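Scroll down for the structure; my scribbles are underneath it.
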Amino acid sequence: MRYLPGILLLIISAATLRAQPITEPADKRDPDDALRAHIGLIARGGKDSVILRWAPSKPGVWLIGNRTGYRVERAVVGSNGRATEFRPLLDSALKPWPYERWLAHYDAHPLNEGPDSADYMNMAYTLLNQYGEEAPARDSYSPDDAKSIAERRQEMEMRFTFAMYAVDRNATAAEGLGLRFVDRNVTPGASYQYRVYLAGSPGEFLPDTGLVSVTAAAAKEAARPAIIAAGGERQVLLRWKANPYYSSYYVERSEDKGISFKRMNAVPLITLRLSLPSEDDEEIFLDSTAINYRPYVYRVRGTTPFADLESLGDVRGMARDATPPAKPFLPNPTHISARRVNVRWEPGAPATADLAGFRVWRGGTDSGPFDRLTRALLPPATREIIDSTFQLDGSNYYLVEAVDTAGNASRSNSAYVALIDSAPPGAPRWIDGRMDSNGVVTLRLHANPERDLMGYRLLRANAPDHEFSVVRESFGDSTAATDTVYHDTVEIRTLTRWTYYRAVALDRNFNESDFSPVLAVPRPDVIPPVAPVITDVFVTDSSVRLIYAASSSEDLAYHTIYRRVGESAEWDSIARTGRHDTLFLDRGVTMNTIYQYALRATDSSGLRSELSPPVIARPDDPGIRPGVTRLTAVADSIRKQVILRWEYGGLAEEHWFVVYRGGEDGRLRQYARITSRERTFTDGQPATSETTYAVRVVTPYGAQSALGEKVRAR
């Protein structure tokens, strides 16, 4: 056999790696967990064949499968979605190739010794024959062999990993290891289920059965992830969404606009993860051999579990100059006149050969945000500008940005300018002022727009023409210097109905504004309003109308209408009326129910009057109810009886039906009483052609309907 030394060296080196075990408390571990295994099975359908690929999840099961082989079975899925009985596709178990077949393959396929090639067939054969026999049982080692057991296990796991990698990279290697099968006896468009399991005893392991469903049809092309190329300094970074369908990737680059490509990575790109990639996981590849401003076309190819090399797509990329020029140095600018600030800087060292110019920025704080003062780049020889747009009533910080011809920029330190300020802020403006029943006054101001505002001085007087005294200076409180809501406490038991306030604003240079307008705040009303009086009541069977005299208080806000049933129930507020309303109509009443009504007034301060004297109202019941309809009388000559039928919409209250019968004299007399659930009545007494019938609705309280139409038996 021929061997690829590089691959063997890779396997031997990887066998020395160590993994950190995951430990659990002994009383919580299931002793069978380490023996459970899964046989992963996938399938890809075509018009004339179905390709199956499978692999066990544990190295020990792989070793047993190499010895016993696998059973491959198929069931046909009908149009009703049900599968037939599974039948074997092979007469015997599918096992790895024998030595003679490996040798015949190598004789027919000489090794390609190119720099970007790898002999996956040689790798698969080497790994298969390293463990030709099943691994020893877990209890067959002595305690002195613990170290050799751990080393052998880690080496076996690493070789198992490389074996699975080889079969993903080469379809023939997968067939050689007995992990691939092509079913060519399929019907185009038919659906199948396949299952794969160990052909012999699994020993101490507990493997499951691989199961997959597939249709014999050309598979739809999968959605390709977008490839993003980001150019940097002599490098291009490629990024694309990770996909568990691809086990590794190759990146190719074209320098002739996509006509020819050269592979960038001789070793496939593999990202090791502890679990399947999530939606946020990405694959990356860095081309560090790119030349700045030379356009490239990159192509990414992914290897599928079926050993296909699929193209994920092309993307254009270019490396760019990403080195910014040296940072300029900015001393503190100078306020040279009322509307002029001189900003002067020094260029950074060493000098930048590709310097394109400068930009100047200004902000209100040391950390920004900053606004650009110069839209166009200042020439590279510029060293100063005059700013006439700075904030007179705020803080001004400047910085200078050096920009090269590639657009890379570096910023200087930020520098503060101390302004000469003699302009006072504007006079404060009031929003409102309120006083509660405890004499606590709440005052609200519009916030002054000046950025250098330091705070407010609050003054109070008992009359607008009196001298105002200072009651509060907010700028002495650093935590609430520019608050616009203030509280004051005054005496409310006084003959003076109003208290008056003024305010003054101060900036950080202690420039004082003019006085605000005088704000008059009324003292609270502590006298409740006069109670209203109900003057008249009008009652119908479905409503109660109240006429009342409104409260005479000047600060009346509204009236509240109260109602209760009888005298023992609680009062319920049922409506609110305006200060000028004198009439209220209550339609939510029930007949034969006694109600009491009362009113209460509420003023603008929320004070409420006593309840007005209550009045009584009782909606009357007229005693008329709807009658029956569609009354019929059918004579049954055989049974010698008459059957009455009628229709009735029903009443919410208790009721019944009274049947009337009349003879030859034409007079109707009460004949029978029927419950409200019935709509028929059978008269078993003899009847003649002169016998008439009618039906009336009656309630327990004496209400009744009109006597319905008379009908004769027919």
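Every chain in the structure tokens has a letter given in the order shown (A, B, ...), and although residue numbers restart at 1 in each chain, ligands are simply numbered from 1 in the order shown.
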Mind dumping a table of every stretch 507-580 of chain A residue within 12 Å of stretch 382-401 of chain A, with the nearest atom pair and its distance in Å to one decimal, using only C-alpha atoms, sorted by chain and rising number, as a Markdown table?
| residue | atom | partner | partner_atom | distance |
| --- | --- | --- | --- | --- |
| A:Asp507 | CA | A:Asp393 | CA | 8.2 |
| A:Arg508 | CA | A:Asp393 | CA | 9.2 |
| A:Asn509 | CA | A:Asp393 | CA | 10.2 |
| A:Asn511 | CA | A:Asp393 | CA | 11.1 |
Please identify the strand (DSSP E) residues within stretch 460-568 of chain A (assignment by DSSP from backbone atoms) and present them as a ChimeraX atom specification. /A:460-461,469-473,485-489,498-507,519-522,533-539,544-549,556-565
Written selection (C-alpha atoms) as a short mmCIF file (atom, residue, chain, number, x, y, z; two decimals), in the first residue's frame:
data_model
loop_
_atom_site.label_atom_id
_atom_site.label_comp_id
_atom_site.auth_asym_id
_atom_site.auth_seq_id
_atom_site.Cartn_x
_atom_site.Cartn_y
_atom_site.Cartn_z
CA ARG A 460 -42.93 85.55 47.30
CA ALA A 461 -45.25 88.38 48.46
CA SER A 469 -38.78 88.07 49.55
CA VAL A 470 -36.50 85.20 48.51
CA VAL A 471 -37.88 81.79 49.55
CA ARG A 472 -35.70 79.45 47.45
CA GLU A 473 -32.45 79.44 45.41
CA VAL A 485 -40.90 72.38 39.77
CA TYR A 486 -40.78 73.98 43.23
CA HIS A 487 -42.72 73.63 46.46
CA ASP A 488 -43.53 76.24 49.09
CA THR A 489 -45.71 76.20 52.24
CA TRP A 498 -54.06 84.98 46.99
CA THR A 499 -50.30 84.60 47.35
CA TYR A 500 -47.90 85.94 44.69
CA TYR A 501 -44.62 84.67 43.23
CA ARG A 502 -41.81 85.89 40.94
CA ALA A 503 -38.66 84.12 39.67
CA VAL A 504 -35.18 85.13 38.45
CA ALA A 505 -32.78 82.97 36.35
CA LEU A 506 -28.97 83.00 36.80
CA ASP A 507 -26.25 81.61 34.52
CA LEU A 519 -47.97 84.58 39.36
CA ALA A 520 -51.06 84.72 41.60
CA VAL A 521 -51.88 81.41 43.32
CA PRO A 522 -55.32 81.14 45.00
CA VAL A 533 -82.65 70.02 45.57
CA ILE A 534 -84.93 67.70 43.57
CA THR A 535 -88.10 69.71 42.85
CA ASP A 536 -90.23 67.27 40.86
CA VAL A 537 -90.43 63.60 39.78
CA PHE A 538 -92.23 62.14 36.74
CA VAL A 539 -92.63 58.35 36.47
CA VAL A 544 -87.99 58.20 35.93
CA ARG A 545 -87.46 61.91 35.17
CA LEU A 546 -85.97 64.17 37.85
CA ILE A 547 -86.20 67.96 37.82
CA TYR A 548 -83.87 69.67 40.30
CA ALA A 549 -82.54 73.05 41.35
CA LEU A 556 -69.63 74.36 41.22
CA ALA A 557 -68.05 71.75 38.94
CA TYR A 558 -70.77 69.10 38.49
CA HIS A 559 -73.65 67.18 40.09
CA THR A 560 -73.69 63.44 40.87
CA ILE A 561 -76.97 61.49 40.63
CA TYR A 562 -77.43 58.71 43.24
CA ARG A 563 -80.01 55.91 43.28
CA ARG A 564 -80.88 52.99 45.55
CA VAL A 565 -83.57 50.31 45.68
#
Selection: 10 Å around A:Tyr701, only C-alpha atoms, excl. self and same-chain fewer than 5 positions, as a compact mmCIF listing (two decimals) with C-alpha atoms, in the first residue's frame:
# COMPACT_ATOMS: atom_id res chain seq x y z
CA ASP A 621 -96.79 48.28 35.44
CA GLY A 623 -100.40 45.09 33.08
CA GLU A 654 -93.00 34.05 34.99
CA HIS A 655 -96.21 33.45 32.98
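Atom CA of A:Leu90 lies 15.5 Å from atom CA of A:Ser49.
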Each stretch 292-346 of chain A residue no farther than 8 Å from stretch 163-172 of chain A, nearest pair in Å, only C-alpha atoms, as CSV:
residue,atom,partner,partner_atom,distance
A:Thr303,CA,A:Arg169,CA,6.7
A:Thr304,CA,A:Asp168,CA,6.6
A:Pro305,CA,A:Asp168,CA,4.8
A:Phe306,CA,A:Asp168,CA,6.2
A:Ala307,CA,A:Arg169,CA,4.7
A:Asp308,CA,A:Arg169,CA,7.6
Atoms kept (C-alpha atoms) for selection, written as a PDB file, in the first residue's frame:
ATOM      1  CA  THR A 303     -18.113  19.850   1.481  1.00  0.00           C
ATOM      2  CA  THR A 304     -21.387  17.982   2.100  1.00  0.00           C
ATOM      3  CA  PRO A 305     -21.755  14.666   3.992  1.00  0.00           C
ATOM      4  CA  PHE A 306     -22.109  13.071   0.544  1.00  0.00           C
ATOM      5  CA  ALA A 307     -18.528  14.205  -0.312  1.00  0.00           C
ATOM      6  CA  ASP A 308     -19.791  16.776  -2.818  1.00  0.00           C
TER       7      ASP A 308
END
A straight line from atom CA of A:Ser191 to atom CA of A:Gly46 spans 11.2 Å
Based on the backbone DSSP call, show me all residues of stretch 161-380 of chain A assigned helix (DSSP H, G or I), as a list in words. Thr161, Phe162, Ala163, Met164, Tyr165, Ala166, Val167, Asp168, Arg169, Ala171, Thr172, Ala173, Ala174, Glu175 and Gly176 of chain A
Output the selection as a JSON list (two decimals), in the first residue's frame - N, CA and C atoms for each residue.
[["chain", "number", "residue", "atom", "x", "y", "z"],
["A", 161, "THR", "N", -12.62, 10.36, 14.76],
["A", 161, "THR", "CA", -12.95, 11.69, 14.22],
["A", 161, "THR", "C", -12.37, 11.86, 12.82],
["A", 162, "PHE", "N", -11.11, 11.45, 12.64],
["A", 162, "PHE", "CA", -10.49, 11.59, 11.32],
["A", 162, "PHE", "C", -11.12, 10.64, 10.31],
["A", 163, "ALA", "N", -11.57, 9.48, 10.76],
["A", 163, "ALA", "CA", -12.26, 8.57, 9.84],
["A", 163, "ALA", "C", -13.55, 9.20, 9.34],
["A", 164, "MET", "N", -14.32, 9.83, 10.26],
["A", 164, "MET", "CA", -15.55, 10.48, 9.84],
["A", 164, "MET", "C", -15.27, 11.67, 8.92],
["A", 165, "TYR", "N", -14.13, 12.34, 9.16],
["A", 165, "TYR", "CA", -13.75, 13.45, 8.29],
["A", 165, "TYR", "C", -13.43, 12.93, 6.89],
["A", 166, "ALA", "N", -12.73, 11.80, 6.81],
["A", 166, "ALA", "CA", -12.35, 11.25, 5.51],
["A", 166, "ALA", "C", -13.57, 10.86, 4.69],
["A", 167, "VAL", "N", -14.58, 10.25, 5.32],
["A", 167, "VAL", "CA", -15.75, 9.82, 4.55],
["A", 167, "VAL", "C", -16.61, 11.01, 4.11],
["A", 168, "ASP", "N", -16.52, 12.14, 4.84],
["A", 168, "ASP", "CA", -17.21, 13.35, 4.39],
["A", 168, "ASP", "C", -16.51, 13.96, 3.18],
["A", 169, "ARG", "N", -15.19, 13.73, 3.08],
["A", 169, "ARG", "CA", -14.43, 14.34, 2.00],
["A", 169, "ARG", "C", -14.37, 13.47, 0.75],
["A", 171, "ALA", "N", -16.38, 10.16, -1.34],
["A", 171, "ALA", "CA", -17.49, 9.21, -1.40],
["A", 171, "ALA", "C", -16.97, 7.77, -1.46],
["A", 172, "THR", "N", -15.85, 7.55, -2.17],
["A", 172, "THR", "CA", -15.31, 6.19, -2.27],
["A", 172, "THR", "C", -14.79, 5.73, -0.92],
["A", 173, "ALA", "N", -14.21, 6.67, -0.14],
["A", 173, "ALA", "CA", -13.76, 6.31, 1.20],
["A", 173, "ALA", "C", -14.94, 5.90, 2.07],
["A", 174, "ALA", "N", -16.09, 6.59, 1.92],
["A", 174, "ALA", "CA", -17.29, 6.23, 2.67],
["A", 174, "ALA", "C", -17.75, 4.82, 2.31],
["A", 175, "GLU", "N", -17.70, 4.48, 1.01],
["A", 175, "GLU", "CA", -18.07, 3.12, 0.61],
["A", 175, "GLU", "C", -17.06, 2.11, 1.15],
["A", 176, "GLY", "N", -15.76, 2.49, 1.13],
["A", 176, "GLY", "CA", -14.74, 1.58, 1.61],
["A", 176, "GLY", "C", -14.88, 1.28, 3.09]]
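With only C-alpha atoms as the atoms that count, the residue of A:Lys327, A:Glu554, A:Thr582, A:Gly81 with the shortest distance to A:Ser213 is A:Gly81.
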Leaving out A:Asp404 and any residue of its chain fewer than 3 positions from it, which residues lie within 8 Å of it when counting only C-alpha atoms, given as an MDAnalysis selection string? chainID A and resid 324:325 352 354:357 407:409
Considering only C-alpha atoms, return as a list in words whatever protein or nucleic-acid residues lie within 8 Å of stretch 58-66 of chain A, sequence-local ones (same chain, fewer than 2 positions apart) excluded. Ala37, His38, Ala55, Pro56, Thr68, Gly69, Tyr70, Lys95, Pro96, Leu128, Tyr131, Gly132, Glu133, Glu134, Ala135, Met156, Glu157, Phe160, Leu177, Gly178, Leu198, Ala199, Pro202, Phe205 and Pro207 of chain A
For A:Leu89, find every residue with an atom within 10 Å (counting only C-alpha atoms), except residues of its own chain fewer than 3 positions away, and show them as a PyMOL selection string. chain A and resi 71-75+86+92-94+181+183+185+194
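The residue set within 8 Å of A:Phe285, counting only C-alpha atoms and dropping same-chain residues fewer than 5 places from it, reads Leu237, Leu238, Arg239 and Val251 of chain A.
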Would you save the residues from that selection as a compact mmCIF listing (two decimals), in the first residue's frame, using N, CA and C atoms?
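Generated output (out.txt):
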# COMPACT_ATOMS: atom_id res chain seq x y z
N LEU A 237 -11.38 40.07 4.66
CA LEU A 237 -12.05 39.14 5.57
C LEU A 237 -13.37 38.70 4.94
N LEU A 238 -13.54 37.37 4.77
CA LEU A 238 -14.78 36.80 4.24
C LEU A 238 -15.59 36.24 5.40
N ARG A 239 -16.92 36.49 5.37
CA ARG A 239 -17.83 35.98 6.39
C ARG A 239 -19.08 35.42 5.73
N VAL A 251 -11.70 28.02 0.08
CA VAL A 251 -11.86 29.38 -0.44
C VAL A 251 -10.93 29.52 -1.64
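Shortest atom-to-atom contact with A:Arg429 among A:Thr688, A:Thr540, A:Asn332, A:Asn448: A:Asn448, counting only C-alpha atoms.
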Distance of atom CA of A:Arg180 from atom CA of A:Leu41, expressed in Å to one decimal place: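 Those two atoms sit 9.8 Å apart.
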Ranking A:Val440, A:Ala226, A:Met121, A:Val530 by minimum distance to A:Tyr106 and counting only C-alpha atoms, which one comes first? A:Met121
